[in-house]
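Source file: model21.cif. Holds: mmCIF, C-alpha atoms.
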data_final
#
loop_
_atom_site.label_atom_id
_atom_site.label_comp_id
_atom_site.auth_asym_id
_atom_site.auth_seq_id
_atom_site.Cartn_x
_atom_site.Cartn_y
_atom_site.Cartn_z
CA MET A 18 4.31 -6.95 9.96
CA LYS A 19 5.34 -9.59 7.45
CA PRO A 20 7.39 -8.64 4.37
CA ASN A 21 4.38 -9.48 2.18
CA ASP A 22 2.35 -6.94 4.17
CA ILE A 23 4.73 -4.22 2.99
CA ILE A 24 4.08 -5.27 -0.61
CA THR A 25 0.33 -5.31 0.06
CA LEU A 26 0.38 -1.86 1.65
CA THR A 27 2.47 -0.34 -1.14
CA ALA A 28 0.25 -1.88 -3.83
CA PHE A 29 -2.92 -0.71 -2.07
CA LEU A 30 -1.70 2.88 -1.71
CA THR A 31 -0.60 2.93 -5.35
CA ALA A 32 -3.98 1.55 -6.44
CA LEU A 33 -5.84 4.22 -4.45
CA ASN A 34 -3.70 6.83 -6.16
CA GLN A 35 -4.90 5.59 -9.57
CA LEU A 36 -8.64 5.85 -8.91
CA ASP A 37 -10.66 8.65 -10.51
CA GLU A 38 -13.60 8.67 -8.07
CA PRO A 39 -13.86 8.73 -4.27
CA LEU A 40 -14.49 5.38 -2.61
CA PRO A 41 -18.03 4.33 -1.70
CA ALA A 42 -18.87 5.32 1.89
CA ASN A 43 -18.82 1.74 3.23
CA ILE A 44 -15.32 1.10 1.84
CA GLN A 45 -14.07 4.48 3.06
CA GLY A 46 -15.41 3.59 6.51
CA LYS A 47 -13.45 0.32 6.51
CA LEU A 48 -10.28 2.19 5.54
CA ASN A 49 -10.88 4.70 8.34
CA GLU A 50 -11.01 1.78 10.79
CA ILE A 51 -7.73 0.42 9.41
CA GLY A 52 -6.19 3.89 9.72
CA LYS A 53 -7.10 3.98 13.42
CA ALA A 54 -5.80 0.43 13.92
CA LEU A 55 -2.51 1.25 12.15
CA ALA A 56 -2.04 4.37 14.28
CA ALA A 57 -2.40 2.22 17.41
CA ASP A 58 -0.37 -0.72 16.06
CA PRO A 59 1.67 -0.28 12.85
CA THR A 60 1.58 -4.05 12.26
CA ASN A 61 -2.24 -4.16 12.11
CA LEU A 62 -3.07 -3.92 8.40
CA GLY A 63 -6.54 -5.35 8.65
CA ASN A 64 -7.65 -7.10 5.48
CA LEU A 65 -6.77 -4.79 2.61
CA ASP A 66 -7.21 -7.67 0.14
CA ALA A 67 -10.87 -8.08 1.09
CA ILE A 68 -11.46 -4.32 0.93
CA ALA A 69 -9.95 -4.16 -2.56
CA GLU A 70 -12.01 -7.16 -3.71
CA SER A 71 -15.21 -5.46 -2.57
CA TYR A 72 -14.79 -2.56 -5.03
CA GLU A 73 -13.98 -3.55 -8.62
CA PRO A 74 -12.07 -0.42 -9.78
CA LEU A 75 -9.85 -0.61 -6.69
CA ASP A 76 -9.38 -4.37 -7.01
CA LYS A 77 -8.31 -4.11 -10.65
CA ALA A 78 -5.65 -1.46 -9.91
CA TYR A 79 -4.58 -3.26 -6.73
CA GLN A 80 -4.10 -6.63 -8.45
CA GLU A 81 -2.07 -4.99 -11.24
CA GLU A 82 0.19 -3.20 -8.74
CA LEU A 83 0.57 -6.33 -6.63
CA ALA A 84 1.74 -8.28 -9.70
CA VAL A 85 4.26 -5.56 -10.62
CA LEU A 86 5.72 -5.34 -7.11
CA GLU A 87 5.89 -9.11 -6.67
CA SER A 88 7.67 -9.47 -10.02
CA GLU A 89 10.19 -6.81 -8.98
CA VAL A 90 10.95 -8.75 -5.81
CA GLY A 91 11.41 -11.91 -7.89
CA GLU A 92 13.73 -10.15 -10.34
CA ARG A 93 15.80 -8.75 -7.51
CA ASN A 94 16.15 -12.17 -5.93
CA LYS A 95 17.31 -13.77 -9.19
CA ALA A 96 19.93 -11.13 -9.95
CA LEU A 97 21.37 -10.60 -6.48
CA PRO A 98 22.08 -12.68 -3.42
CA LEU A 99 18.91 -13.19 -1.44
CA LEU A 100 18.22 -10.17 0.68
CA PRO A 101 15.01 -10.49 2.64
CA LEU A 102 12.49 -7.69 2.54
CA PRO A 103 12.41 -5.84 5.84
CA SER A 104 9.87 -7.05 8.36
CA GLU A 105 8.97 -3.48 9.30
CA PRO A 106 7.72 -0.83 6.90
CA SER A 107 9.48 2.49 6.83
CA LYS A 108 8.02 5.22 9.03
CA GLU A 109 7.25 7.14 5.84
CA LEU A 110 5.19 4.26 4.43
CA THR A 111 3.36 3.73 7.72
CA ASN A 112 2.62 7.45 8.15
CA THR A 113 1.45 7.76 4.54
CA ALA A 114 -0.89 4.80 5.06
CA ILE A 115 -2.28 6.18 8.34
CA ASP A 116 -2.88 9.62 6.81
CA THR A 117 -4.45 8.16 3.66
CA PHE A 118 -6.69 5.63 5.39
CA SER A 119 -7.79 8.09 8.10
CA SER A 120 -8.88 10.72 5.58
CA ASN A 121 -12.51 11.33 4.64
CA ASN A 122 -11.44 10.88 1.00
CA SER A 123 -8.61 8.34 0.80
CA VAL A 124 -8.40 8.59 -2.99
CA SER A 125 -7.74 12.33 -2.89
CA THR A 126 -5.31 11.98 0.00
CA ALA A 127 -3.46 9.18 -1.78
CA GLN A 128 -3.14 11.36 -4.84
CA GLN A 129 -1.58 14.11 -2.72
CA ALA A 130 0.37 12.25 -0.05
CA ALA A 131 1.08 8.91 -1.70
CA ASN A 132 2.06 10.20 -5.10
CA PRO A 133 3.91 7.78 -7.40
CA THR A 134 7.29 9.44 -6.81
CA ILE A 135 7.06 8.99 -3.04
CA LEU A 136 5.80 5.41 -3.34
CA LYS A 137 8.52 4.53 -5.84
CA ARG A 138 11.19 6.00 -3.56
CA ILE A 139 9.80 4.08 -0.56
CA TRP A 140 9.69 0.88 -2.59
CA GLN A 141 13.28 1.38 -3.79
CA SER A 142 14.47 1.87 -0.23
CA ILE A 143 12.66 -1.31 0.84
CA THR A 144 14.00 -3.47 -1.99
CA GLY A 145 17.40 -1.84 -2.35
CA ARG A 146 16.73 -1.20 -6.06
CA LYS A 147 17.41 2.07 -7.83
#
Taking this structure as input, can you express it in the form of structure tokens?
Amino acid sequence: MKPNDIITLTAFLTALNQLDEPLPANIQGKLNEIGKALAADPTNLGNLDAIAESYEPLDKAYQEELAVLESEVGERNKALPLLPLPSEPSKELTNTAIDTFSSNNSVSTAQQAANPTILKRIWQSITGRK
């Protein structure tokens, strides 16, 4: 998994957490496939960007989260010596993604399992920020 994939995964989980309605069945089905693929190979993220783009409420939240996370990485790099993002996600992030994507209602699962406190803590451990 590339460091940018960790940003993508964190932004996607955070965006799911912000939705008010369950995903349409076709999008939920695509996430279920990614959940199975991630369980078999934690580096196989599928195309979360394309899934987000196919559902406007998800895409809006996802793009906003992506911008926030990318700006945090940029700020960290300006203030501190360059420390690369890890190339592997934490087990906690991977397990949260698998559980969320494999659920019949990923929005509800994200709101329970991938709550903002957990995602923020995972992100802080990845970036080394407090």
Inset, instruction - Please work out which residues fall within 8 Å of (-6.1, 4.5, -8.9), coordinates as given in the file, with all atoms listed in the file counting, and return them as a VMD selection string. - result: chain A and resid 31 to 37 74 to 75 78 124
Hey, what's within 12 Å of Ala69 (chain A) if we count all atoms listed in the file and toss same-chain stuff fewer than 3 positions away? As a PDB file with C-alpha atoms, in the coordinates of the input, please?
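Saved file around-v2.pdb follows:
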ATOM      1  CA  THR A  25       0.330  -5.310   0.060  1.00  0.00           C
ATOM      2  CA  LEU A  26       0.380  -1.860   1.650  1.00  0.00           C
ATOM      3  CA  ALA A  28       0.250  -1.880  -3.830  1.00  0.00           C
ATOM      4  CA  PHE A  29      -2.920  -0.710  -2.070  1.00  0.00           C
ATOM      5  CA  LEU A  30      -1.700   2.880  -1.710  1.00  0.00           C
ATOM      6  CA  ALA A  32      -3.980   1.550  -6.440  1.00  0.00           C
ATOM      7  CA  LEU A  33      -5.840   4.220  -4.450  1.00  0.00           C
ATOM      8  CA  LEU A  36      -8.640   5.850  -8.910  1.00  0.00           C
ATOM      9  CA  LEU A  40     -14.490   5.380  -2.610  1.00  0.00           C
ATOM     10  CA  PRO A  41     -18.030   4.330  -1.700  1.00  0.00           C
ATOM     11  CA  ILE A  44     -15.320   1.100   1.840  1.00  0.00           C
ATOM     12  CA  GLN A  45     -14.070   4.480   3.060  1.00  0.00           C
ATOM     13  CA  LYS A  47     -13.450   0.320   6.510  1.00  0.00           C
ATOM     14  CA  LEU A  48     -10.280   2.190   5.540  1.00  0.00           C
ATOM     15  CA  GLY A  63      -6.540  -5.350   8.650  1.00  0.00           C
ATOM     16  CA  ASN A  64      -7.650  -7.100   5.480  1.00  0.00           C
ATOM     17  CA  LEU A  65      -6.770  -4.790   2.610  1.00  0.00           C
ATOM     18  CA  ASP A  66      -7.210  -7.670   0.140  1.00  0.00           C
ATOM     19  CA  TYR A  72     -14.790  -2.560  -5.030  1.00  0.00           C
ATOM     20  CA  GLU A  73     -13.980  -3.550  -8.620  1.00  0.00           C
ATOM     21  CA  PRO A  74     -12.070  -0.420  -9.780  1.00  0.00           C
ATOM     22  CA  LEU A  75      -9.850  -0.610  -6.690  1.00  0.00           C
ATOM     23  CA  ASP A  76      -9.380  -4.370  -7.010  1.00  0.00           C
ATOM     24  CA  LYS A  77      -8.310  -4.110 -10.650  1.00  0.00           C
ATOM     25  CA  ALA A  78      -5.650  -1.460  -9.910  1.00  0.00           C
ATOM     26  CA  TYR A  79      -4.580  -3.260  -6.730  1.00  0.00           C
ATOM     27  CA  GLN A  80      -4.100  -6.630  -8.450  1.00  0.00           C
ATOM     28  CA  GLU A  81      -2.070  -4.990 -11.240  1.00  0.00           C
ATOM     29  CA  GLU A  82       0.190  -3.200  -8.740  1.00  0.00           C
ATOM     30  CA  LEU A  83       0.570  -6.330  -6.630  1.00  0.00           C
TER      31      LEU A  83
END
Inset, instruction - Have a look at CA of Asp58 (chain A) and CA of Asn43 (chain A) and let me know their distance in Å, one decimal. - result: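 One can read the CA of Asp58 (chain A) to CA of Asn43 (chain A) distance as 22.6 Å.
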Inset, instruction - Could you please determine the separation between CA of Leu110 (chain A) and CA of Leu62 (chain A) in Å, to one decimal place? - result: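 Taking CA of Leu110 (chain A) and CA of Leu62 (chain A), their separation equals 12.3 Å.
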Inset, instruction - Could you expand the PyMOL selection byres ((chain A and resi 114) around 10) into the explicit residues it covers here, written as a PyMOL selection string? - result: chain A and resi 26-27+29-30+48+51-52+55-56+59+62+108-113+115-120+123+126-127+130-131
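Going from CA of Pro39 (chain A) over to CA of Asn121 (chain A), you cover 9.4 Å.
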Legend entry - Which of A:Leu86, A:Asn122, A:Asn21, A:Ala67 sits closest to Ala42 (chain A) [using only C-alpha atoms]: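 Under the stated criterion, the closest residue is A:Asn122.
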